[in-house]
file structure12.pdb (PDB, C-alpha atoms)
ATOM      1  CA  MET G  25      -4.291 -95.309  71.141  1.00  0.00           C
ATOM      2  CA  ALA G  26      -6.117 -92.739  68.956  1.00  0.00           C
ATOM      3  CA  ALA G  27      -9.606 -93.625  67.728  1.00  0.00           C
ATOM      4  CA  ALA G  28      -9.813 -94.427  64.062  1.00  0.00           C
ATOM      5  CA  ARG G  29     -11.191 -91.609  61.918  1.00  0.00           C
ATOM      6  CA  PRO G  30     -14.307 -92.413  59.829  1.00  0.00           C
ATOM      7  CA  ASP G  31     -13.794 -92.725  56.144  1.00  0.00           C
ATOM      8  CA  PRO G  32     -14.801 -89.299  54.611  1.00  0.00           C
ATOM      9  CA  GLN G  33     -15.585 -90.709  51.179  1.00  0.00           C
ATOM     10  CA  PRO G  34     -19.248 -91.789  51.848  1.00  0.00           C
ATOM     11  CA  ARG G  35     -20.010 -88.415  53.494  1.00  0.00           C
ATOM     12  CA  ARG G  36     -18.508 -86.484  50.581  1.00  0.00           C
ATOM     13  CA  ALA G  37     -20.438 -88.610  48.119  1.00  0.00           C
ATOM     14  CA  ALA G  38     -23.711 -87.980  49.943  1.00  0.00           C
ATOM     15  CA  THR G  39     -23.002 -84.239  50.043  1.00  0.00           C
ATOM     16  CA  ARG G  40     -22.286 -84.180  46.330  1.00  0.00           C
ATOM     17  CA  SER G  41     -25.474 -86.140  45.666  1.00  0.00           C
ATOM     18  CA  ARG G  42     -27.600 -83.716  47.681  1.00  0.00           C
ATOM     19  CA  ALA G  43     -25.968 -80.745  45.913  1.00  0.00           C
ATOM     20  CA  LYS G  44     -26.718 -82.241  42.506  1.00  0.00           C
ATOM     21  CA  ARG G  45     -30.341 -82.832  43.459  1.00  0.00           C
ATOM     22  CA  ALA G  46     -30.617 -79.240  44.712  1.00  0.00           C
ATOM     23  CA  ASP G  47     -29.109 -77.912  41.490  1.00  0.00           C
ATOM     24  CA  ALA G  48     -31.494 -80.017  39.439  1.00  0.00           C
ATOM     25  CA  VAL G  49     -34.503 -78.751  41.379  1.00  0.00           C
ATOM     26  CA  ALA G  50     -33.280 -75.156  41.050  1.00  0.00           C
ATOM     27  CA  THR G  51     -32.807 -75.622  37.307  1.00  0.00           C
ATOM     28  CA  LEU G  52     -36.306 -77.027  36.894  1.00  0.00           C
ATOM     29  CA  ARG G  53     -37.789 -74.235  38.956  1.00  0.00           C
ATOM     30  CA  GLY G  54     -35.865 -71.671  36.968  1.00  0.00           C
ATOM     31  CA  ALA G  55     -37.107 -73.110  33.698  1.00  0.00           C
ATOM     32  CA  ALA G  56     -40.702 -73.365  34.803  1.00  0.00           C
ATOM     33  CA  GLY G  57     -40.795 -70.267  36.976  1.00  0.00           C
ATOM     34  CA  PRO G  58     -40.760 -67.475  34.359  1.00  0.00           C
ATOM     35  CA  ARG G  59     -43.359 -69.233  32.208  1.00  0.00           C
ATOM     36  CA  SER G  60     -45.575 -69.857  35.213  1.00  0.00           C
ATOM     37  CA  ALA G  61     -45.182 -66.276  36.398  1.00  0.00           C
ATOM     38  CA  GLU G  62     -45.901 -64.961  32.936  1.00  0.00           C
ATOM     39  CA  LYS G  63     -48.922 -67.174  32.529  1.00  0.00           C
ATOM     40  CA  GLY G  64     -50.228 -66.372  35.990  1.00  0.00           C
ATOM     41  CA  GLY G  65     -49.420 -62.671  35.788  1.00  0.00           C
ATOM     42  CA  ALA G  66     -50.868 -61.952  32.362  1.00  0.00           C
ATOM     43  CA  GLN G  67     -54.340 -63.176  33.198  1.00  0.00           C
ATOM     44  CA  PRO G  68     -54.958 -60.752  36.097  1.00  0.00           C
ATOM     45  CA  TRP G  69     -53.583 -57.913  33.995  1.00  0.00           C
ATOM     46  CA  ARG G  70     -55.935 -58.696  31.091  1.00  0.00           C
ATOM     47  CA  LYS G  71     -58.824 -59.015  33.512  1.00  0.00           C
ATOM     48  CA  ARG G  72     -57.998 -55.651  35.054  1.00  0.00           C
ATOM     49  CA  VAL G  73     -57.821 -53.913  31.655  1.00  0.00           C
ATOM     50  CA  ALA G  74     -61.115 -55.495  30.602  1.00  0.00           C
ATOM     51  CA  HIS G  75     -62.846 -54.400  33.806  1.00  0.00           C
ATOM     52  CA  GLU G  76     -61.451 -50.871  33.615  1.00  0.00           C
ATOM     53  CA  THR G  77     -62.579 -50.533  29.988  1.00  0.00           C
ATOM     54  CA  THR G  78     -66.056 -51.799  30.837  1.00  0.00           C
ATOM     55  CA  ILE G  79     -66.329 -49.405  33.767  1.00  0.00           C
ATOM     56  CA  VAL G  80     -65.132 -46.366  31.797  1.00  0.00           C
ATOM     57  CA  GLN G  81     -67.526 -47.068  28.933  1.00  0.00           C
ATOM     58  CA  ALA G  82     -70.423 -47.438  31.354  1.00  0.00           C
ATOM     59  CA  ALA G  83     -69.351 -44.252  33.141  1.00  0.00           C
ATOM     60  CA  GLU G  84     -69.403 -42.367  29.837  1.00  0.00           C
ATOM     61  CA  ARG G  85     -73.055 -43.225  29.345  1.00  0.00           C
ATOM     62  CA  VAL G  86     -74.065 -42.350  32.895  1.00  0.00           C
ATOM     63  CA  PHE G  87     -72.047 -39.120  33.085  1.00  0.00           C
ATOM     64  CA  ALA G  88     -73.348 -38.069  29.656  1.00  0.00           C
ATOM     65  CA  GLY G  89     -76.945 -38.469  30.804  1.00  0.00           C
ATOM     66  CA  ALA G  90     -76.790 -37.251  34.390  1.00  0.00           C
ATOM     67  CA  GLY G  91     -73.682 -35.087  34.544  1.00  0.00           C
ATOM     68  CA  PHE G  92     -71.053 -35.468  37.232  1.00  0.00           C
ATOM     69  CA  GLY G  93     -73.323 -34.277  40.024  1.00  0.00           C
ATOM     70  CA  GLY G  94     -76.269 -36.458  39.094  1.00  0.00           C
ATOM     71  CA  ALA G  95     -74.327 -39.639  38.383  1.00  0.00           C
ATOM     72  CA  THR G  96     -73.813 -42.212  41.121  1.00  0.00           C
ATOM     73  CA  MET G  97     -71.361 -45.062  41.443  1.00  0.00           C
ATOM     74  CA  ALA G  98     -74.323 -47.407  41.933  1.00  0.00           C
ATOM     75  CA  GLU G  99     -75.757 -46.407  38.528  1.00  0.00           C
ATOM     76  CA  ILE G 100     -72.387 -46.818  36.847  1.00  0.00           C
ATOM     77  CA  ALA G 101     -71.888 -50.227  38.438  1.00  0.00           C
ATOM     78  CA  LYS G 102     -75.319 -51.310  37.204  1.00  0.00           C
ATOM     79  CA  ALA G 103     -74.544 -50.068  33.681  1.00  0.00           C
ATOM     80  CA  ALA G 104     -71.215 -51.897  33.757  1.00  0.00           C
ATOM     81  CA  GLY G 105     -72.760 -55.095  35.102  1.00  0.00           C
ATOM     82  CA  LEU G 106     -70.200 -55.207  37.913  1.00  0.00           C
ATOM     83  CA  PRO G 107     -70.415 -54.985  41.706  1.00  0.00           C
ATOM     84  CA  LYS G 108     -70.088 -51.455  43.053  1.00  0.00           C
ATOM     85  CA  PRO G 109     -66.938 -52.327  45.082  1.00  0.00           C
ATOM     86  CA  ASN G 110     -65.165 -53.063  41.779  1.00  0.00           C
ATOM     87  CA  LEU G 111     -65.499 -49.409  40.790  1.00  0.00           C
ATOM     88  CA  HIS G 112     -63.902 -48.247  44.018  1.00  0.00           C
ATOM     89  CA  TYR G 113     -61.199 -50.913  43.704  1.00  0.00           C
ATOM     90  CA  TYR G 114     -60.145 -49.813  40.225  1.00  0.00           C
ATOM     91  CA  PHE G 115     -60.751 -46.059  40.423  1.00  0.00           C
ATOM     92  CA  GLY G 116     -61.127 -45.148  44.089  1.00  0.00           C
ATOM     93  CA  SER G 117     -63.800 -42.475  43.766  1.00  0.00           C
ATOM     94  CA  LYS G 118     -66.408 -41.022  41.428  1.00  0.00           C
ATOM     95  CA  GLN G 119     -64.169 -38.026  40.748  1.00  0.00           C
ATOM     96  CA  ALA G 120     -61.240 -40.260  39.788  1.00  0.00           C
ATOM     97  CA  LEU G 121     -63.492 -42.256  37.453  1.00  0.00           C
ATOM     98  CA  TYR G 122     -64.863 -39.049  35.912  1.00  0.00           C
ATOM     99  CA  ARG G 123     -61.338 -37.808  35.311  1.00  0.00           C
ATOM    100  CA  ALA G 124     -60.397 -41.153  33.741  1.00  0.00           C
ATOM    101  CA  VAL G 125     -63.262 -40.727  31.257  1.00  0.00           C
ATOM    102  CA  LEU G 126     -62.074 -37.237  30.333  1.00  0.00           C
ATOM    103  CA  GLU G 127     -58.425 -38.250  30.002  1.00  0.00           C
ATOM    104  CA  ARG G 128     -59.279 -41.239  27.826  1.00  0.00           C
ATOM    105  CA  THR G 129     -61.374 -39.004  25.580  1.00  0.00           C
ATOM    106  CA  LEU G 130     -58.562 -36.499  25.226  1.00  0.00           C
ATOM    107  CA  ARG G 131     -56.037 -39.212  24.351  1.00  0.00           C
ATOM    108  CA  GLU G 132     -58.304 -40.599  21.654  1.00  0.00           C
ATOM    109  CA  TRP G 133     -58.943 -37.139  20.215  1.00  0.00           C
ATOM    110  CA  LEU G 134     -55.267 -36.168  20.143  1.00  0.00           C
ATOM    111  CA  GLU G 135     -54.041 -39.288  18.351  1.00  0.00           C
ATOM    112  CA  PRO G 136     -55.549 -38.405  14.943  1.00  0.00           C
ATOM    113  CA  ALA G 137     -53.521 -35.167  14.927  1.00  0.00           C
ATOM    114  CA  ASP G 138     -50.318 -37.221  14.653  1.00  0.00           C
ATOM    115  CA  CYS G 139     -50.724 -37.201  10.874  1.00  0.00           C
ATOM    116  CA  ILE G 140     -50.427 -33.393  10.749  1.00  0.00           C
ATOM    117  CA  VAL G 141     -46.675 -33.007  10.259  1.00  0.00           C
ATOM    118  CA  ALA G 142     -44.668 -30.679   8.043  1.00  0.00           C
ATOM    119  CA  THR G 143     -43.644 -33.398   5.584  1.00  0.00           C
ATOM    120  CA  ALA G 144     -47.197 -34.639   4.995  1.00  0.00           C
ATOM    121  CA  GLU G 145     -49.424 -33.644   2.103  1.00  0.00           C
ATOM    122  CA  PRO G 146     -51.887 -31.044   3.488  1.00  0.00           C
ATOM    123  CA  ARG G 147     -54.921 -32.463   1.743  1.00  0.00           C
ATOM    124  CA  GLU G 148     -54.248 -36.046   2.790  1.00  0.00           C
ATOM    125  CA  ALA G 149     -53.373 -35.126   6.380  1.00  0.00           C
ATOM    126  CA  LEU G 150     -56.373 -32.866   6.955  1.00  0.00           C
ATOM    127  CA  GLU G 151     -58.793 -35.308   5.342  1.00  0.00           C
ATOM    128  CA  ARG G 152     -57.456 -38.138   7.470  1.00  0.00           C
ATOM    129  CA  TYR G 153     -57.734 -36.015  10.599  1.00  0.00           C
ATOM    130  CA  ILE G 154     -61.326 -34.951   9.842  1.00  0.00           C
ATOM    131  CA  ARG G 155     -62.456 -38.465   8.979  1.00  0.00           C
ATOM    132  CA  GLU G 156     -61.014 -39.865  12.176  1.00  0.00           C
ATOM    133  CA  LYS G 157     -62.667 -37.137  14.232  1.00  0.00           C
ATOM    134  CA  MET G 158     -65.988 -37.940  12.571  1.00  0.00           C
ATOM    135  CA  ARG G 159     -65.497 -41.652  13.229  1.00  0.00           C
ATOM    136  CA  LEU G 160     -64.898 -40.978  16.926  1.00  0.00           C
ATOM    137  CA  SER G 161     -68.015 -38.821  17.123  1.00  0.00           C
ATOM    138  CA  PHE G 162     -70.137 -41.632  15.721  1.00  0.00           C
ATOM    139  CA  ALA G 163     -68.386 -44.379  17.700  1.00  0.00           C
ATOM    140  CA  ARG G 164     -68.029 -42.601  21.046  1.00  0.00           C
ATOM    141  CA  PRO G 165     -70.860 -40.042  21.323  1.00  0.00           C
ATOM    142  CA  TYR G 166     -71.183 -40.343  25.104  1.00  0.00           C
ATOM    143  CA  ALA G 167     -67.527 -39.479  25.613  1.00  0.00           C
ATOM    144  CA  SER G 168     -67.971 -36.355  23.497  1.00  0.00           C
ATOM    145  CA  ARG G 169     -71.021 -35.296  25.506  1.00  0.00           C
ATOM    146  CA  VAL G 170     -69.198 -35.729  28.820  1.00  0.00           C
ATOM    147  CA  TRP G 171     -66.393 -33.563  27.445  1.00  0.00           C
ATOM    148  CA  ALA G 172     -68.805 -30.891  26.216  1.00  0.00           C
ATOM    149  CA  ASN G 173     -70.666 -30.845  29.523  1.00  0.00           C
ATOM    150  CA  GLU G 174     -67.391 -30.433  31.406  1.00  0.00           C
ATOM    151  CA  LEU G 175     -66.477 -27.412  29.267  1.00  0.00           C
ATOM    152  CA  LEU G 176     -69.941 -25.883  29.615  1.00  0.00           C
ATOM    153  CA  HIS G 177     -69.441 -25.951  33.384  1.00  0.00           C
ATOM    154  CA  GLY G 178     -66.134 -24.109  33.211  1.00  0.00           C
ATOM    155  CA  ALA G 179     -63.849 -27.158  32.955  1.00  0.00           C
ATOM    156  CA  PRO G 180     -63.242 -27.602  36.713  1.00  0.00           C
ATOM    157  CA  GLU G 181     -61.464 -30.917  36.108  1.00  0.00           C
ATOM    158  CA  LEU G 182     -59.984 -30.157  32.697  1.00  0.00           C
ATOM    159  CA  ARG G 183     -58.615 -26.644  33.035  1.00  0.00           C
ATOM    160  CA  THR G 184     -55.070 -27.682  33.931  1.00  0.00           C
ATOM    161  CA  THR G 185     -55.040 -30.430  31.291  1.00  0.00           C
ATOM    162  CA  LEU G 186     -56.207 -28.018  28.604  1.00  0.00           C
ATOM    163  CA  VAL G 187     -53.368 -25.643  29.409  1.00  0.00           C
ATOM    164  CA  ARG G 188     -50.595 -28.192  29.936  1.00  0.00           C
ATOM    165  CA  THR G 189     -51.499 -30.813  27.333  1.00  0.00           C
ATOM    166  CA  LEU G 190     -53.891 -29.521  24.691  1.00  0.00           C
ATOM    167  CA  ARG G 191     -52.438 -26.046  24.200  1.00  0.00           C
ATOM    168  CA  PRO G 192     -48.805 -27.131  23.537  1.00  0.00           C
ATOM    169  CA  LEU G 193     -49.921 -29.821  21.109  1.00  0.00           C
ATOM    170  CA  MET G 194     -52.206 -27.525  19.172  1.00  0.00           C
ATOM    171  CA  ARG G 195     -49.525 -24.855  18.967  1.00  0.00           C
ATOM    172  CA  ARG G 196     -47.289 -27.393  17.240  1.00  0.00           C
ATOM    173  CA  LYS G 197     -50.056 -28.365  14.816  1.00  0.00           C
ATOM    174  CA  VAL G 198     -50.919 -24.729  14.141  1.00  0.00           C
ATOM    175  CA  ALA G 199     -47.243 -24.146  13.300  1.00  0.00           C
ATOM    176  CA  VAL G 200     -47.447 -26.949  10.738  1.00  0.00           C
ATOM    177  CA  ILE G 201     -50.519 -25.392   9.093  1.00  0.00           C
ATOM    178  CA  ASP G 202     -48.785 -21.993   9.028  1.00  0.00           C
ATOM    179  CA  GLN G 203     -45.754 -23.604   7.380  1.00  0.00           C
ATOM    180  CA  TRP G 204     -47.933 -25.186   4.701  1.00  0.00           C
ATOM    181  CA  ILE G 205     -49.519 -21.799   4.047  1.00  0.00           C
ATOM    182  CA  ALA G 206     -46.126 -20.054   3.860  1.00  0.00           C
ATOM    183  CA  GLU G 207     -44.956 -22.657   1.347  1.00  0.00           C
ATOM    184  CA  GLY G 208     -48.032 -22.036  -0.811  1.00  0.00           C
ATOM    185  CA  ARG G 209     -49.324 -25.563  -0.260  1.00  0.00           C
ATOM    186  CA  MET G 210     -52.772 -24.430   0.910  1.00  0.00           C
ATOM    187  CA  ALA G 211     -54.867 -21.274   1.043  1.00  0.00           C
ATOM    188  CA  PRO G 212     -54.324 -18.729   3.828  1.00  0.00           C
ATOM    189  CA  VAL G 213     -56.566 -19.510   6.798  1.00  0.00           C
ATOM    190  CA  ASP G 214     -56.508 -18.755  10.494  1.00  0.00           C
ATOM    191  CA  SER G 215     -54.807 -21.940  11.665  1.00  0.00           C
ATOM    192  CA  SER G 216     -56.112 -21.911  15.228  1.00  0.00           C
ATOM    193  CA  HIS G 217     -59.677 -21.281  14.129  1.00  0.00           C
ATOM    194  CA  LEU G 218     -59.364 -23.986  11.488  1.00  0.00           C
ATOM    195  CA  PHE G 219     -59.036 -26.510  14.314  1.00  0.00           C
ATOM    196  CA  PHE G 220     -61.922 -24.942  16.216  1.00  0.00           C
ATOM    197  CA  THR G 221     -64.043 -25.286  13.077  1.00  0.00           C
ATOM    198  CA  ILE G 222     -63.068 -28.932  12.620  1.00  0.00           C
ATOM    199  CA  TRP G 223     -63.854 -29.726  16.253  1.00  0.00           C
ATOM    200  CA  ALA G 224     -67.222 -27.994  16.057  1.00  0.00           C
ATOM    201  CA  ALA G 225     -68.173 -29.581  12.734  1.00  0.00           C
ATOM    202  CA  THR G 226     -67.240 -33.104  13.798  1.00  0.00           C
ATOM    203  CA  GLN G 227     -68.291 -33.184  17.447  1.00  0.00           C
ATOM    204  CA  THR G 228     -71.734 -31.763  16.706  1.00  0.00           C
ATOM    205  CA  TYR G 229     -72.720 -35.188  15.354  1.00  0.00           C
ATOM    206  CA  ALA G 230     -72.173 -36.596  18.842  1.00  0.00           C
ATOM    207  CA  ASP G 231     -73.239 -33.698  21.039  1.00  0.00           C
ATOM    208  CA  PHE G 232     -76.355 -32.740  19.057  1.00  0.00           C
ATOM    209  CA  GLU G 233     -77.321 -36.079  17.559  1.00  0.00           C
ATOM    210  CA  VAL G 234     -80.903 -35.699  18.803  1.00  0.00           C
ATOM    211  CA  GLN G 235     -81.293 -32.375  17.033  1.00  0.00           C
ATOM    212  CA  ILE G 236     -79.770 -33.681  13.802  1.00  0.00           C
ATOM    213  CA  CYS G 237     -81.984 -36.763  13.777  1.00  0.00           C
ATOM    214  CA  ALA G 238     -85.074 -34.690  14.570  1.00  0.00           C
ATOM    215  CA  VAL G 239     -84.411 -32.478  11.553  1.00  0.00           C
ATOM    216  CA  LEU G 240     -83.605 -35.412   9.283  1.00  0.00           C
ATOM    217  CA  GLY G 241     -86.575 -37.419  10.547  1.00  0.00           C
ATOM    218  CA  CYS G 242     -84.696 -40.501  11.689  1.00  0.00           C
ATOM    219  CA  ALA G 243     -84.072 -42.304  14.964  1.00  0.00           C
ATOM    220  CA  SER G 244     -80.328 -42.482  14.393  1.00  0.00           C
ATOM    221  CA  LEU G 245     -77.768 -42.036  11.629  1.00  0.00           C
ATOM    222  CA  ASP G 246     -77.062 -45.292   9.833  1.00  0.00           C
ATOM    223  CA  ARG G 247     -73.786 -46.041   8.053  1.00  0.00           C
ATOM    224  CA  ALA G 248     -74.923 -44.395   4.826  1.00  0.00           C
ATOM    225  CA  ALA G 249     -75.962 -41.225   6.657  1.00  0.00           C
ATOM    226  CA  GLN G 250     -72.684 -41.169   8.564  1.00  0.00           C
ATOM    227  CA  ALA G 251     -70.705 -41.520   5.334  1.00  0.00           C
ATOM    228  CA  ARG G 252     -72.725 -38.696   3.755  1.00  0.00           C
ATOM    229  CA  ALA G 253     -72.125 -36.415   6.734  1.00  0.00           C
ATOM    230  CA  THR G 254     -68.415 -37.231   6.799  1.00  0.00           C
ATOM    231  CA  GLN G 255     -67.967 -36.514   3.107  1.00  0.00           C
ATOM    232  CA  HIS G 256     -69.807 -33.200   3.491  1.00  0.00           C
ATOM    233  CA  VAL G 257     -67.589 -32.030   6.363  1.00  0.00           C
ATOM    234  CA  VAL G 258     -64.410 -33.156   4.590  1.00  0.00           C
ATOM    235  CA  SER G 259     -65.341 -31.445   1.319  1.00  0.00           C
ATOM    236  CA  LEU G 260     -66.465 -28.231   2.989  1.00  0.00           C
ATOM    237  CA  ILE G 261     -63.299 -27.770   5.062  1.00  0.00           C
ATOM    238  CA  LEU G 262     -60.907 -28.811   2.305  1.00  0.00           C
ATOM    239  CA  ARG G 263     -62.517 -26.342  -0.106  1.00  0.00           C
ATOM    240  CA  GLY G 264     -62.113 -23.601   2.489  1.00  0.00           C
ATOM    241  CA  CYS G 265     -58.434 -24.475   2.671  1.00  0.00           C
ATOM    242  CA  GLY G 266     -58.038 -24.435  -1.112  1.00  0.00           C
ATOM    243  CA  LEU G 267     -57.429 -28.185  -1.171  1.00  0.00           C
ATOM    244  CA  SER G 268     -60.471 -29.475  -3.052  1.00  0.00           C
TER     245      SER G 268
END
call {"tool": "encode", "arguments": {"input": "structure12.pdb", "output": "structure tokens"}}
result
Amino acid sequence: MAAARPDPQPRRAATRSRAKRADAVATLRGAAGPRSAEKGGAQPWRKRVAHETTIVQAAERVFAGAGFGGATMAEIAKAAGLPKPNLHYYFGSKQALYRAVLERTLREWLEPADCIVATAEPREALERYIREKMRLSFARPYASRVWANELLHGAPELRTTLVRTLRPLMRRKVAVIDQWIAEGRMAPVDSSHLFFTIWAATQTYADFEVQICAVLGCASLDRAAQARATQHVVSLILRGCGLS
């Protein structure tokens, strides 16, 4: 006589119950997971950006004072208020950190040129560009000095960047100036040398601040002095371009 088969209903019910519990857990994990990942992932990212910014700003000061050869990672770490291993963790080497300073400076200097487009009003665009360049010179003088020192030493780190990044951009901006001149919207000027003049006139307030303050008899340029200098540079260049 064949043995009686067990009733499958309780087993099926238990299986369905376990499956429902598994689905419920998966649903809860799915709902909580992205938020938890986002919350947990954003904090390290913000911390990394904050540390990198602190390190780069400290490196600007140290590189500006000692040059690449004289600067040490220990000095930069001290200026940043961070352990020296943090610098190596985020940037790897002194050369990589130095290059990061230069690249950040270039990015910040190129952004103001975005307003120089064919459809813009020449006077408004050039004034905006000059004022922003002056603002950067007053706000980030150490970055400007690191840049100047790099160029004075033959641009060993920047040479390729100057050719591949700066030159194409400036050719486009020079073409815009030439178009404005051809349309009779501003006086004829040498477009390339116009930019050289703007760079020299604005960056001198960062690179030669000591000389300027010595002549003016002050320890530093306050907001009023900065505004006076900015207005002078703007007016002088715009008049030269027939845009006063």
call {"tool": "resolve_selection", "arguments": {"input": "structure12.pdb", "expression": "the PyMOL selection byres ((chain G and resi 169-173) around 7)", "output": "ChimeraX atom specification"}}
result
/G:84,87-88,126,165-168,174-177,230-231
call {"tool": "closest_residue", "arguments": {"input": "structure12.pdb", "among": "G:Lys118, G:Lys108, G:Arg252, G:Arg195", "to": "G:Gly91", "atoms": "only C-alpha atoms"}}
result
G:Lys118
call {"tool": "residues_around", "arguments": {"input": "structure12.pdb", "residues": "G:Gly105", "least_positions_apart": "6", "cutoff": "9 Å", "atoms": "only C-alpha atoms", "output": "NGL selection string"}}
result
:G and (78-79 or 82)
call {"tool": "residues_around", "arguments": {"input": "structure12.pdb", "residues": "stretch 237-240 of chain G", "least_positions_apart": "4", "cutoff": "12 Å", "atoms": "only C-alpha atoms", "output": "PyMOL selection string"}}
result
chain G and resi 228-233+244-246+249-250+253
call {"tool": "resolve_selection", "arguments": {"input": "structure12.pdb", "expression": "the PyMOL selection byres ((chain G and resi 133-140) around 9)", "output": "VMD selection string"}}
result
chain G and resid 128 to 132 141 to 146 148 to 150 152 to 154 156 to 157 160 190 193 to 194 197 200 to 201
call {"tool": "atom_distance", "arguments": {"input": "structure12.pdb", "atom1": "atom CA of G:Val258", "atom2": "atom CA of G:Ala179"}}
result
29.0 Å
call {"tool": "closest_residue", "arguments": {"input": "structure12.pdb", "among": "G:Ala163, G:Arg247, G:Cys265, G:Pro109", "to": "G:Asp214", "atoms": "all atoms listed in the file"}}
result
G:Cys265
call {"tool": "atom_distance", "arguments": {"input": "structure12.pdb", "atom1": "atom CA of G:Met97", "atom2": "atom CA of G:Leu111"}}
result
7.3 Å
